[in-house]
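As provided, run-v8.cif (mmCIF, C-alpha atoms) reads as follows.
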data_entry
#
loop_
_atom_site.label_atom_id
_atom_site.label_comp_id
_atom_site.auth_asym_id
_atom_site.auth_seq_id
_atom_site.Cartn_x
_atom_site.Cartn_y
_atom_site.Cartn_z
CA MET A 1 -26.90 175.97 33.40
CA THR A 2 -28.11 179.46 34.09
CA ASN A 3 -31.58 178.30 35.04
CA PRO A 4 -32.09 174.62 35.59
CA PRO A 5 -35.82 173.91 35.44
CA ASN A 6 -37.07 173.33 38.97
CA LYS A 7 -38.94 170.12 38.74
CA ASP A 8 -42.01 169.90 40.89
CA PRO A 9 -42.76 166.28 41.73
CA GLU A 10 -46.24 166.95 43.10
CA LYS A 11 -47.71 168.54 40.01
CA PRO A 12 -45.82 167.19 37.06
CA ALA A 13 -47.95 168.62 34.31
CA CYS A 14 -48.32 172.25 35.23
CA LEU A 15 -46.21 175.30 34.76
CA ARG A 16 -46.20 177.54 37.82
CA VAL A 17 -44.65 180.93 38.34
CA GLU A 18 -44.49 182.45 41.82
CA SER A 19 -43.87 186.14 42.47
CA LEU A 20 -41.46 186.33 39.59
CA VAL A 21 -39.40 189.49 39.39
CA PHE A 22 -36.71 190.37 36.92
CA GLU A 23 -34.50 193.36 37.47
CA ARG A 24 -32.45 195.03 34.81
CA TRP A 25 -29.77 197.16 36.45
CA PHE A 26 -31.66 196.87 39.76
CA ILE A 27 -34.87 198.22 38.23
CA PRO A 28 -37.72 195.70 38.04
CA VAL A 29 -39.04 195.22 34.52
CA PHE A 30 -42.57 194.28 35.62
CA GLU A 31 -44.61 193.83 38.78
CA PRO A 32 -44.27 190.41 40.45
CA ILE A 33 -45.94 187.81 38.26
CA ASN A 34 -47.94 184.81 39.47
CA PHE A 35 -49.70 182.24 37.35
CA GLN A 36 -50.23 178.55 36.94
CA ILE A 37 -51.17 176.72 33.78
CA GLU A 38 -52.20 173.11 33.58
CA ALA A 39 -51.66 170.61 30.79
CA GLY A 40 -53.70 171.47 27.74
CA GLU A 41 -53.93 175.17 28.54
CA THR A 42 -52.72 178.05 26.45
CA LEU A 43 -51.54 181.23 28.11
CA LEU A 44 -51.65 184.43 26.15
CA ILE A 45 -49.41 187.17 27.47
CA ARG A 46 -50.59 190.60 26.49
CA GLY A 47 -48.85 193.86 27.07
CA ALA A 48 -47.66 197.01 25.40
CA ASN A 49 -44.29 197.33 23.68
CA GLY A 50 -41.58 197.21 26.30
CA SER A 51 -43.81 195.84 29.04
CA GLY A 52 -41.63 192.78 29.47
CA LYS A 53 -43.41 190.05 27.49
CA THR A 54 -40.25 188.87 25.81
CA THR A 55 -38.37 189.11 29.10
CA LEU A 56 -40.94 186.86 30.74
CA LEU A 57 -40.68 184.32 27.93
CA ARG A 58 -36.90 184.39 28.08
CA LEU A 59 -37.11 183.76 31.81
CA LEU A 60 -39.36 180.75 31.19
CA ALA A 61 -36.98 179.48 28.51
CA GLY A 62 -34.07 179.71 30.93
CA PHE A 63 -32.07 182.30 28.99
CA LEU A 64 -32.42 184.73 31.89
CA GLU A 65 -32.32 184.06 35.58
CA PRO A 66 -35.08 185.47 37.81
CA SER A 67 -34.01 188.13 40.28
CA GLU A 68 -36.68 186.93 42.70
CA GLY A 69 -39.41 184.33 42.69
CA LYS A 70 -39.54 180.85 41.25
CA ILE A 71 -40.44 179.09 38.03
CA PHE A 72 -41.65 175.51 38.32
CA LEU A 73 -41.46 173.68 35.03
CA PRO A 74 -42.79 170.22 34.42
CA GLY A 75 -40.09 167.85 33.26
CA GLN A 76 -40.80 168.40 29.58
CA ALA A 77 -38.55 169.86 26.98
CA LEU A 78 -39.01 173.47 25.89
CA ALA A 79 -39.60 174.60 22.35
CA TRP A 80 -38.65 178.20 21.77
CA LEU A 81 -39.54 180.45 18.90
CA GLY A 82 -38.52 184.06 19.30
CA HIS A 83 -37.94 187.03 17.04
CA LYS A 84 -34.75 185.43 15.78
CA LEU A 85 -35.87 182.39 13.87
CA GLY A 86 -32.81 180.17 13.82
CA ILE A 87 -33.05 179.73 10.06
CA LYS A 88 -29.88 179.79 7.97
CA ASP A 89 -30.10 181.97 4.87
CA ALA A 90 -27.56 179.95 2.93
CA LEU A 91 -29.44 176.66 3.36
CA SER A 92 -32.61 175.65 1.58
CA VAL A 93 -35.91 175.26 3.42
CA ARG A 94 -35.50 171.50 3.26
CA GLU A 95 -31.94 171.58 4.61
CA ASN A 96 -32.94 173.93 7.42
CA LEU A 97 -35.77 171.64 8.46
CA GLN A 98 -33.59 168.55 8.20
CA PHE A 99 -31.10 170.11 10.58
CA LEU A 100 -33.78 171.24 13.03
CA ALA A 101 -35.38 167.79 13.00
CA ARG A 102 -32.08 166.14 13.85
CA LEU A 103 -31.36 168.74 16.54
CA TYR A 104 -34.54 167.69 18.30
CA ASN A 105 -33.77 163.99 17.98
CA THR A 106 -36.53 163.28 15.56
CA GLN A 107 -35.96 160.67 12.91
CA ALA A 108 -35.47 163.07 10.04
CA THR A 109 -36.94 160.85 7.38
CA GLU A 110 -37.62 162.24 3.94
CA ALA A 111 -41.34 161.64 4.50
CA LEU A 112 -41.39 163.65 7.74
CA ILE A 113 -39.59 166.59 6.18
CA THR A 114 -41.84 166.60 3.12
CA ASP A 115 -44.90 166.33 5.34
CA THR A 116 -43.68 169.26 7.46
CA ILE A 117 -43.02 171.38 4.39
CA THR A 118 -46.53 170.62 3.11
CA GLN A 119 -48.10 171.47 6.47
CA LEU A 120 -46.30 174.80 6.49
CA GLY A 121 -47.38 175.55 2.93
CA LEU A 122 -43.82 175.85 1.62
CA MET A 123 -43.82 173.13 -1.03
CA ARG A 124 -43.26 175.62 -3.83
CA VAL A 125 -40.09 177.03 -2.28
CA ALA A 126 -38.82 173.85 -0.59
CA ASP A 127 -35.48 173.79 -2.41
CA GLN A 128 -34.94 177.52 -2.48
CA ASP A 129 -32.40 179.22 -0.20
CA ALA A 130 -34.07 180.53 2.93
CA GLY A 131 -32.35 183.85 2.28
CA SER A 132 -34.49 184.36 -0.81
CA LEU A 133 -37.77 183.87 1.06
CA SER A 134 -40.05 186.61 2.27
CA ALA A 135 -40.17 187.37 6.00
CA GLY A 136 -43.46 185.52 6.32
CA GLN A 137 -42.25 182.42 4.47
CA LYS A 138 -39.16 182.35 6.65
CA LYS A 139 -41.32 182.55 9.73
CA ARG A 140 -43.39 179.63 8.46
CA CYS A 141 -40.22 177.64 7.94
CA ALA A 142 -39.25 178.33 11.55
CA PHE A 143 -42.52 176.78 12.74
CA GLY A 144 -40.90 173.47 11.83
CA THR A 145 -39.17 173.84 15.21
CA LEU A 146 -42.56 173.35 16.86
CA LEU A 147 -43.72 170.53 14.63
CA PHE A 148 -40.62 168.56 15.55
CA GLN A 149 -41.29 169.00 19.27
CA PRO A 150 -44.93 168.00 19.81
CA ASP A 151 -44.31 166.95 23.41
CA ALA A 152 -42.56 170.10 24.53
CA ILE A 153 -43.85 173.23 26.22
CA TRP A 154 -44.15 175.80 23.47
CA LEU A 155 -42.86 179.28 24.18
CA LEU A 156 -43.73 181.65 21.34
CA ASP A 157 -42.85 185.30 21.09
CA GLU A 158 -45.13 187.19 18.69
CA PRO A 159 -45.90 184.14 16.52
CA TYR A 160 -48.18 186.15 14.27
CA SER A 161 -45.75 188.84 13.23
CA SER A 162 -45.06 189.15 9.50
CA LEU A 163 -47.52 186.37 8.59
CA ASP A 164 -50.33 186.61 6.08
CA LYS A 165 -53.86 185.33 6.71
CA GLN A 166 -52.99 181.81 5.61
CA GLY A 167 -49.86 181.84 7.78
CA MET A 168 -51.91 182.94 10.77
CA ASP A 169 -54.32 180.10 10.13
CA ILE A 170 -51.38 177.72 10.22
CA VAL A 171 -50.35 179.10 13.62
CA ASP A 172 -53.92 178.75 14.91
CA ARG A 173 -54.08 175.18 13.67
CA LEU A 174 -50.76 174.29 15.32
CA LEU A 175 -51.88 175.85 18.60
CA LYS A 176 -55.18 173.96 18.48
CA GLN A 177 -53.43 170.66 17.77
CA HIS A 178 -51.04 171.29 20.63
CA GLN A 179 -53.92 172.01 22.99
CA GLN A 180 -55.71 168.84 21.93
CA ARG A 181 -52.52 166.89 22.70
CA ASN A 182 -52.68 168.34 26.23
CA GLY A 183 -49.64 170.44 25.55
CA ILE A 184 -48.83 173.73 27.25
CA THR A 185 -48.32 176.84 25.16
CA VAL A 186 -47.24 180.27 26.34
CA LEU A 187 -47.40 182.96 23.70
CA ALA A 188 -46.85 186.67 23.82
CA THR A 189 -48.48 189.25 21.62
CA HIS A 190 -48.68 193.00 21.77
CA GLY A 191 -52.44 192.88 21.66
CA VAL A 192 -53.98 193.14 18.23
CA LEU A 193 -53.63 189.54 17.17
CA ALA A 194 -54.76 186.58 19.20
CA PRO A 195 -55.45 182.93 18.51
CA ALA A 196 -58.82 182.47 16.84
CA GLN A 197 -61.26 179.78 17.96
CA LEU A 198 -59.10 178.74 20.85
CA GLU A 199 -59.69 178.83 24.55
CA VAL A 200 -56.89 180.82 26.12
CA ARG A 201 -56.03 182.17 29.54
CA GLU A 202 -54.83 185.72 29.47
CA LEU A 203 -52.13 187.40 31.42
CA ILE A 204 -51.75 191.11 31.04
CA ILE A 205 -48.44 192.49 32.16
CA GLU A 206 -47.75 196.09 32.74
CA GLY A 207 -44.22 197.23 32.50
CA PHE A 208 -42.71 200.06 34.52
CA GLN A 209 -40.79 201.51 31.67
CA ASP A 210 -43.04 204.20 30.37
CA ASP A 211 -46.10 205.76 31.99
CA TYR A 212 -47.62 206.57 28.64
CA TYR A 213 -47.88 202.91 27.72
CA ALA A 214 -49.31 201.95 31.09
CA GLU A 215 -52.04 204.58 30.71
CA SER A 216 -52.93 203.58 27.20
CA LEU A 217 -53.20 199.99 28.34
CA ALA A 218 -55.63 200.90 31.11
CA MET B 1 -24.28 162.43 19.09
CA ASN B 2 -26.83 162.68 16.32
CA ALA B 3 -27.11 166.41 16.94
CA PHE B 4 -23.30 166.72 17.13
CA PHE B 5 -22.79 165.23 13.68
CA SER B 6 -25.69 167.07 12.07
CA LEU B 7 -24.35 170.39 13.39
CA LEU B 8 -20.87 169.50 12.12
CA LYS B 9 -22.37 168.64 8.75
CA ARG B 10 -24.43 171.84 8.67
CA ASP B 11 -21.45 174.05 9.47
CA LEU B 12 -19.30 172.37 6.82
CA LEU B 13 -22.12 172.78 4.32
CA LEU B 14 -22.37 176.47 5.23
CA ALA B 15 -18.60 176.80 4.77
CA VAL B 16 -18.85 175.22 1.32
CA ARG B 17 -21.75 177.54 0.42
CA SER B 18 -19.69 180.61 1.35
CA ARG B 19 -16.39 179.37 -0.04
CA ALA B 20 -14.86 182.81 -0.52
CA GLU B 21 -15.34 183.64 3.13
CA ALA B 22 -14.16 180.26 4.37
CA LEU B 23 -10.97 180.37 2.31
CA GLN B 24 -10.12 183.95 3.33
CA PRO B 25 -7.61 182.81 6.01
CA LEU B 26 -5.80 180.63 3.51
CA PHE B 27 -5.56 183.47 0.98
CA PHE B 28 -4.29 185.77 3.70
CA LEU B 29 -1.59 183.25 4.58
CA LEU B 30 -0.56 182.79 0.96
CA VAL B 31 -0.38 186.54 0.33
CA VAL B 32 1.67 187.30 3.45
CA VAL B 33 4.14 184.49 2.85
CA THR B 34 4.44 185.40 -0.82
CA LEU B 35 5.18 189.03 -0.03
CA PHE B 36 8.04 188.34 2.37
CA PRO B 37 10.65 187.29 -0.22
CA LEU B 38 9.64 190.28 -2.34
CA GLY B 39 10.10 192.65 0.57
CA LEU B 40 13.28 191.17 2.02
CA GLY B 41 15.04 190.14 -1.16
CA PRO B 42 15.29 186.59 -2.40
CA GLY B 43 18.52 185.54 -0.65
CA PRO B 44 18.08 181.80 0.06
CA ALA B 45 20.04 181.84 3.32
CA LEU B 46 18.02 184.71 4.78
CA LEU B 47 14.72 183.16 3.72
CA ALA B 48 15.63 179.78 5.21
CA LYS B 49 16.41 181.52 8.48
CA ILE B 50 13.12 183.38 8.71
CA ALA B 51 10.87 180.75 7.07
CA VAL B 52 9.52 179.17 10.27
CA GLY B 53 8.75 182.46 11.94
CA VAL B 54 7.02 183.91 8.88
CA ILE B 55 4.89 180.84 8.22
CA TRP B 56 3.87 180.46 11.84
CA ILE B 57 3.07 184.13 12.47
CA ALA B 58 1.08 184.26 9.24
CA ALA B 59 -0.73 181.04 10.17
CA LEU B 60 -1.56 182.45 13.61
CA LEU B 61 -2.95 185.70 12.20
CA ALA B 62 -4.80 183.86 9.43
CA SER B 63 -6.46 181.50 11.91
CA THR B 64 -7.60 184.31 14.17
CA LEU B 65 -9.06 186.27 11.24
CA SER B 66 -12.15 184.11 10.99
CA LEU B 67 -12.67 183.48 14.70
CA ASP B 68 -14.93 186.46 15.28
CA LYS B 69 -17.55 184.85 13.06
CA LEU B 70 -17.39 181.45 14.75
CA PHE B 71 -20.49 181.93 16.92
CA ARG B 72 -21.69 185.31 15.68
CA ALA B 73 -23.88 184.07 12.83
CA ASP B 74 -25.62 181.57 15.10
CA PHE B 75 -26.06 184.25 17.75
CA GLU B 76 -27.56 186.74 15.35
CA ASP B 77 -29.98 184.43 13.55
CA GLY B 78 -31.23 182.74 16.72
CA SER B 79 -29.69 179.30 16.14
CA LEU B 80 -27.94 179.62 19.49
CA GLU B 81 -31.28 179.95 21.30
CA GLN B 82 -32.44 176.80 19.54
CA PHE B 83 -29.27 174.97 20.65
CA LEU B 84 -29.90 176.06 24.23
CA THR B 85 -33.51 174.88 24.37
CA SER B 86 -32.82 171.69 22.41
CA GLY B 87 -31.67 170.04 25.65
CA HIS B 88 -28.39 168.85 24.14
CA SER B 89 -25.12 169.51 25.89
CA LEU B 90 -24.06 172.96 24.74
CA SER B 91 -20.41 171.93 25.20
CA LEU B 92 -20.85 169.13 22.70
CA LEU B 93 -22.50 171.45 20.18
CA ALA B 94 -19.74 174.03 20.71
CA LEU B 95 -17.16 171.30 20.05
CA ALA B 96 -18.91 170.44 16.79
CA LYS B 97 -18.67 174.08 15.73
CA ILE B 98 -14.99 174.25 16.73
CA ILE B 99 -14.17 171.11 14.73
CA ALA B 100 -16.04 172.46 11.71
CA HIS B 101 -14.08 175.72 12.05
CA TRP B 102 -10.78 173.87 12.13
CA LEU B 103 -11.69 171.68 9.17
CA SER B 104 -12.62 174.73 7.09
CA THR B 105 -9.81 177.10 8.10
CA GLY B 106 -7.04 175.22 9.96
CA LEU B 107 -6.75 172.14 7.78
CA PRO B 108 -6.24 174.04 4.49
CA ILE B 109 -3.39 175.94 6.17
CA VAL B 110 -1.76 172.66 7.19
CA LEU B 111 -2.20 171.22 3.70
CA PHE B 112 -0.65 174.23 1.98
CA SER B 113 2.24 174.65 4.41
CA PRO B 114 4.72 172.37 2.56
CA LEU B 115 4.31 174.53 -0.53
CA LEU B 116 5.04 177.67 1.50
CA ALA B 117 8.01 176.02 3.16
CA ILE B 118 9.55 175.25 -0.21
CA TRP B 119 8.77 178.77 -1.39
CA LEU B 120 10.73 180.14 1.61
CA ASN B 121 13.57 177.66 1.18
CA LEU B 122 13.03 175.89 4.50
CA PRO B 123 15.52 172.98 4.84
CA HIS B 124 13.84 169.75 3.73
CA GLU B 125 14.60 167.90 6.95
CA ALA B 126 12.46 170.43 8.86
CA LEU B 127 9.44 170.00 6.60
CA PRO B 128 7.77 167.06 8.40
CA VAL B 129 8.18 168.82 11.74
CA LEU B 130 6.63 172.01 10.36
CA VAL B 131 3.58 170.07 9.16
CA LYS B 132 3.32 168.20 12.45
CA SER B 133 3.60 171.42 14.45
CA LEU B 134 0.86 173.05 12.37
CA LEU B 135 -1.29 169.95 12.72
CA LEU B 136 -1.04 170.31 16.49
CA GLY B 137 -1.07 174.08 16.62
CA THR B 138 -3.98 175.08 14.37
CA PRO B 139 -6.56 173.10 16.43
CA ILE B 140 -5.30 174.98 19.51
CA PHE B 141 -5.98 178.26 17.67
CA SER B 142 -9.54 177.16 16.96
CA LEU B 143 -10.11 175.89 20.51
CA ILE B 144 -8.73 178.93 22.33
CA GLY B 145 -10.19 181.29 19.78
CA ALA B 146 -13.62 179.74 20.31
CA ILE B 147 -13.53 180.68 24.00
CA GLY B 148 -12.78 184.28 23.07
CA ALA B 149 -15.41 184.24 20.32
CA ALA B 150 -18.03 182.91 22.73
CA LEU B 151 -17.18 185.60 25.29
CA THR B 152 -17.39 188.45 22.79
CA VAL B 153 -20.31 187.20 20.71
CA GLY B 154 -22.78 189.59 22.33
CA LEU B 155 -20.58 192.64 21.83
CA ARG B 156 -20.94 194.79 18.76
CA GLN B 157 -17.21 195.47 18.34
CA GLY B 158 -15.91 192.21 19.75
CA GLY B 159 -13.08 191.70 17.26
CA GLN B 160 -10.36 193.74 18.92
CA LEU B 161 -11.24 192.49 22.39
CA LEU B 162 -11.16 188.95 21.06
CA ALA B 163 -7.60 189.39 19.79
CA LEU B 164 -6.54 190.92 23.10
CA LEU B 165 -8.07 188.01 25.02
CA ILE B 166 -6.60 185.13 23.06
CA PHE B 167 -3.14 186.27 21.91
CA PRO B 168 -1.50 185.75 25.33
CA LEU B 169 -2.80 182.17 25.31
CA LEU B 170 -1.54 181.56 21.77
CA ILE B 171 2.03 182.75 22.39
CA PRO B 172 3.19 179.44 23.99
CA VAL B 173 2.08 177.65 20.83
CA LEU B 174 4.13 180.00 18.68
CA ILE B 175 7.24 179.61 20.86
CA LEU B 176 6.99 175.82 21.00
CA ALA B 177 6.29 175.43 17.29
CA THR B 178 9.12 177.64 16.10
CA GLY B 179 11.37 175.92 18.66
CA ALA B 180 10.46 172.53 17.22
CA VAL B 181 11.09 173.52 13.62
CA SER B 182 14.35 175.34 14.44
CA ALA B 183 15.57 172.25 16.29
CA ALA B 184 14.72 170.09 13.28
CA THR B 185 16.58 172.54 11.00
CA ASP B 186 19.68 172.09 13.16
CA ASN B 187 19.23 168.30 13.08
CA LEU B 188 18.30 168.23 16.76
CA GLU B 189 15.55 166.27 18.47
CA SER B 190 12.25 168.16 18.21
CA SER B 191 9.85 165.71 19.80
CA ALA B 192 9.97 167.39 23.22
CA TYR B 193 8.50 170.59 21.74
CA LEU B 194 5.87 168.65 19.82
CA LEU B 195 4.87 166.66 22.90
CA TRP B 196 4.41 169.88 24.86
CA MET B 197 2.23 171.17 22.04
CA ALA B 198 0.23 167.95 22.09
CA ALA B 199 -0.24 168.34 25.84
CA TYR B 200 -1.48 171.90 25.35
CA ALA B 201 -3.83 170.73 22.58
CA VAL B 202 -5.30 168.00 24.80
CA LEU B 203 -5.71 170.46 27.68
CA MET B 204 -7.57 172.89 25.46
CA LEU B 205 -9.65 170.14 23.85
CA THR B 206 -10.78 169.20 27.35
CA LEU B 207 -11.45 172.70 28.68
CA ALA B 208 -12.49 174.81 25.71
CA PRO B 209 -15.93 173.23 25.02
CA PHE B 210 -17.02 173.80 28.62
CA ALA B 211 -15.64 177.34 28.68
CA CYS B 212 -17.44 178.05 25.39
CA ALA B 213 -20.74 176.71 26.69
CA ALA B 214 -20.52 178.82 29.84
CA SER B 215 -19.57 181.93 27.85
CA LEU B 216 -22.40 181.41 25.36
CA ARG B 217 -24.94 181.17 28.17
CA ILE B 218 -23.66 184.43 29.62
CA SER B 219 -23.77 186.07 26.20
CA LEU B 220 -27.40 185.07 25.70
CA SER B 221 -28.69 186.51 28.97
#
Go through the file and emit its structure as structure tokens.
Amino acid sequence: MTNPPNKDPEKPACLRVESLVFERWFIPVFEPINFQIEAGETLLIRGANGSGKTTLLRLLAGFLEPSEGKIFLPGQALAWLGHKLGIKDALSVRENLQFLARLYNTQATEALITDTITQLGLMRVADQDAGSLSAGQKKRCAFGTLLFQPDAIWLLDEPYSSLDKQGMDIVDRLLKQHQQRNGITVLATHGVLAPAQLEVRELIIEGFQDDYYAESLA
Amino acid sequence: MNAFFSLLKRDLLLAVRSRAEALQPLFFLLVVVTLFPLGLGPGPALLAKIAVGVIWIAALLASTLSLDKLFRADFEDGSLEQFLTSGHSLSLLALAKIIAHWLSTGLPIVLFSPLLAIWLNLPHEALPVLVKSLLLGTPIFSLIGAIGAALTVGLRQGGQLLALLIFPLLIPVLILATGAVSAATDNLESSAYLLWMAAYAVLMLTLAPFACAASLRISLS
């Protein structure tokens, strides 16, 4: 395990980050980050390109190890959806979702898969190879990952990219449902798009990489 | 275990979907072994003498051909990240992928080896030993190769490095296997060689999944 989640017995249902620093070749990617989110809260990470949003999410997911500082995760599972979607081109939408469902220990019944496909608005292409889908349809298919893990902490990197209006509505609906379930969501976006009709906490991170971006952000 | 079997099933399904790619090692083996008699002349005595070496070297090269892709597709399309956050043992998932790799590339080589042995005029008494040695040896190729594939998955030109990393570990297999078949050809006892190969296979079956999991974590960070 590169980064075993530090379980905090006192506050089981909050995600806390204390003076988190990540250094790439001894150069910190962002200023030390502190935040705490409780159950049922959604954290929106904003920042320019290259400011370290994805890095922060990868740290939370445990793919990277912090150089300094601590991440306290509640004892829940993590659901990750990054730029790479984890969808196999050679398998159909249905087969992809069946595999994902089993990976997350859900009972992959035919009804559940069909229901998921309907929720994602992919009924028309359900038995088509994922490789033949458009980027937005593929992204929708990948949201199955989240539907199969309703109890997890959702970590989403740019969930709105390549989606149409209807796709974005689906994301908003999923985020709202997750909030109503008291679930924690952390999502990163470069600024233009944000969840509609949803109460979110915002965290703006400023990277060190390029002064131009920092200025334009201010 | 549910996740283990569904990953195994998925990888086999993917192998079936891209049949041409999955059968590439087997075609390579068939072509190399077929070319040898044409290049060396069809003298039965000469062919019988070199049969074991040719089949085994071709099998080794054929098995390593497809190793580079073992984890690469999952790394590039993000499946690996999903495996990591799924909470399942990454070693177990790696083992599922290794088994799927062996079933789609190693097993066809084993199944076709008697045909190649006859083609190269290998003495009949050595045939069972050749099949047994391949049955023990090809899983070792997949297991050791998986460690190298996991280590080089994040590199853009990992192929050459992969070969450099794993060939030293594969040489004992080659020596033991050809020793076993040569002994059988001379009507000598070959079980000692095969038992050593079995020991090596068990060792790698025990260690490789953990080494793969550790390497994959490093590759992802």
Test item: the PyMOL selection byres ((chain B and resi 165) around 10) resolved as a list in words: Ile144, Gly145, Ile147, Gly148, Ala149, Leu151, Thr152, Gly159, Gln160, Leu161, Leu162, Ala163, Leu164, Ile166, Phe167, Pro168, Leu169 and Leu170 of chain B
Each residue of chain B with at least one atom at most 12 Å from chain A should appear once, together with its nearest atom pair and the corresponding distance in Å (one decimal); atoms considered: only C-alpha atoms; ordering: chain, then increasing residue number; output as JSON lines.
{"residue": "B:Met1", "atom": "CA", "partner": "A:Asn105", "partner_atom": "CA", "distance": 9.7}
{"residue": "B:Asn2", "atom": "CA", "partner": "A:Arg102", "partner_atom": "CA", "distance": 6.8}
{"residue": "B:Ala3", "atom": "CA", "partner": "A:Leu103", "partner_atom": "CA", "distance": 4.9}
{"residue": "B:Phe4", "atom": "CA", "partner": "A:Leu103", "partner_atom": "CA", "distance": 8.3}
{"residue": "B:Phe5", "atom": "CA", "partner": "A:Arg102", "partner_atom": "CA", "distance": 9.3}
{"residue": "B:Ser6", "atom": "CA", "partner": "A:Phe99", "partner_atom": "CA", "distance": 6.4}
{"residue": "B:Leu7", "atom": "CA", "partner": "A:Phe99", "partner_atom": "CA", "distance": 7.3}
{"residue": "B:Leu8", "atom": "CA", "partner": "A:Phe99", "partner_atom": "CA", "distance": 10.4}
{"residue": "B:Lys9", "atom": "CA", "partner": "A:Phe99", "partner_atom": "CA", "distance": 9.0}
{"residue": "B:Arg10", "atom": "CA", "partner": "A:Phe99", "partner_atom": "CA", "distance": 7.2}
{"residue": "B:Asp11", "atom": "CA", "partner": "A:Lys88", "partner_atom": "CA", "distance": 10.3}
{"residue": "B:Leu12", "atom": "CA", "partner": "A:Leu91", "partner_atom": "CA", "distance": 11.5}
{"residue": "B:Leu13", "atom": "CA", "partner": "A:Leu91", "partner_atom": "CA", "distance": 8.3}
{"residue": "B:Leu14", "atom": "CA", "partner": "A:Ala90", "partner_atom": "CA", "distance": 6.7}
{"residue": "B:Ala15", "atom": "CA", "partner": "A:Ala90", "partner_atom": "CA", "distance": 9.7}
{"residue": "B:Val16", "atom": "CA", "partner": "A:Ala90", "partner_atom": "CA", "distance": 10.0}
{"residue": "B:Arg17", "atom": "CA", "partner": "A:Ala90", "partner_atom": "CA", "distance": 6.8}
{"residue": "B:Ser18", "atom": "CA", "partner": "A:Ala90", "partner_atom": "CA", "distance": 8.1}
{"residue": "B:Arg19", "atom": "CA", "partner": "A:Ala90", "partner_atom": "CA", "distance": 11.6}
{"residue": "B:Ala73", "atom": "CA", "partner": "A:Lys88", "partner_atom": "CA", "distance": 8.8}
{"residue": "B:Asp74", "atom": "CA", "partner": "A:Gly86", "partner_atom": "CA", "distance": 7.4}
{"residue": "B:Phe75", "atom": "CA", "partner": "A:Gly86", "partner_atom": "CA", "distance": 8.8}
{"residue": "B:Glu76", "atom": "CA", "partner": "A:Lys84", "partner_atom": "CA", "distance": 7.3}
{"residue": "B:Asp77", "atom": "CA", "partner": "A:Gly86", "partner_atom": "CA", "distance": 5.1}
{"residue": "B:Gly78", "atom": "CA", "partner": "A:Gly86", "partner_atom": "CA", "distance": 4.2}
{"residue": "B:Ser79", "atom": "CA", "partner": "A:Gly86", "partner_atom": "CA", "distance": 4.0}
{"residue": "B:Leu80", "atom": "CA", "partner": "A:Gly86", "partner_atom": "CA", "distance": 7.5}
{"residue": "B:Glu81", "atom": "CA", "partner": "A:Trp80", "partner_atom": "CA", "distance": 7.6}
{"residue": "B:Gln82", "atom": "CA", "partner": "A:Gly86", "partner_atom": "CA", "distance": 6.6}
{"residue": "B:Phe83", "atom": "CA", "partner": "A:Leu103", "partner_atom": "CA", "distance": 7.8}
{"residue": "B:Leu84", "atom": "CA", "partner": "A:Phe63", "partner_atom": "CA", "distance": 8.1}
{"residue": "B:Thr85", "atom": "CA", "partner": "A:Leu78", "partner_atom": "CA", "distance": 5.9}
{"residue": "B:Ser86", "atom": "CA", "partner": "A:Tyr104", "partner_atom": "CA", "distance": 6.0}
{"residue": "B:Gly87", "atom": "CA", "partner": "A:Ala77", "partner_atom": "CA", "distance": 7.0}
{"residue": "B:His88", "atom": "CA", "partner": "A:Leu103", "partner_atom": "CA", "distance": 8.2}
{"residue": "B:Ser89", "atom": "CA", "partner": "A:Met1", "partner_atom": "CA", "distance": 10.1}
{"residue": "B:Leu90", "atom": "CA", "partner": "A:Met1", "partner_atom": "CA", "distance": 9.6}
{"residue": "B:Ser91", "atom": "CA", "partner": "A:Met1", "partner_atom": "CA", "distance": 11.2}
{"residue": "B:Leu93", "atom": "CA", "partner": "A:Leu103", "partner_atom": "CA", "distance": 10.0}
{"residue": "B:Phe210", "atom": "CA", "partner": "A:Met1", "partner_atom": "CA", "distance": 11.2}
{"residue": "B:Ala213", "atom": "CA", "partner": "A:Met1", "partner_atom": "CA", "distance": 9.1}
{"residue": "B:Ala214", "atom": "CA", "partner": "A:Met1", "partner_atom": "CA", "distance": 7.8}
{"residue": "B:Ser215", "atom": "CA", "partner": "A:Thr2", "partner_atom": "CA", "distance": 10.9}
{"residue": "B:Leu216", "atom": "CA", "partner": "A:Phe63", "partner_atom": "CA", "distance": 10.4}
{"residue": "B:Arg217", "atom": "CA", "partner": "A:Thr2", "partner_atom": "CA", "distance": 6.9}
{"residue": "B:Ile218", "atom": "CA", "partner": "A:Thr2", "partner_atom": "CA", "distance": 8.0}
{"residue": "B:Ser219", "atom": "CA", "partner": "A:Phe63", "partner_atom": "CA", "distance": 9.5}
{"residue": "B:Leu220", "atom": "CA", "partner": "A:Phe63", "partner_atom": "CA", "distance": 6.3}
{"residue": "B:Ser221", "atom": "CA", "partner": "A:Leu64", "partner_atom": "CA", "distance": 5.1}
Name all residues at most 9 Å from Thr185 in chain A (count only C-alpha atoms; drop same-chain ones fewer than 6 positions away) and give them as a short mmCIF file (atom, residue, chain, number, x, y, z; two decimals) with C-alpha atoms, in the frame of the given file.
data_model
loop_
_atom_site.label_atom_id
_atom_site.label_comp_id
_atom_site.auth_asym_id
_atom_site.auth_seq_id
_atom_site.Cartn_x
_atom_site.Cartn_y
_atom_site.Cartn_z
CA GLY A 40 -53.70 171.47 27.74
CA GLU A 41 -53.93 175.17 28.54
CA THR A 42 -52.72 178.05 26.45
CA LEU A 43 -51.54 181.23 28.11
CA LEU A 44 -51.65 184.43 26.15
CA ALA A 152 -42.56 170.10 24.53
CA ILE A 153 -43.85 173.23 26.22
CA TRP A 154 -44.15 175.80 23.47
CA LEU A 155 -42.86 179.28 24.18
CA LEU A 156 -43.73 181.65 21.34
CA LEU A 175 -51.88 175.85 18.60
CA HIS A 178 -51.04 171.29 20.63
CA GLN A 179 -53.92 172.01 22.99
#
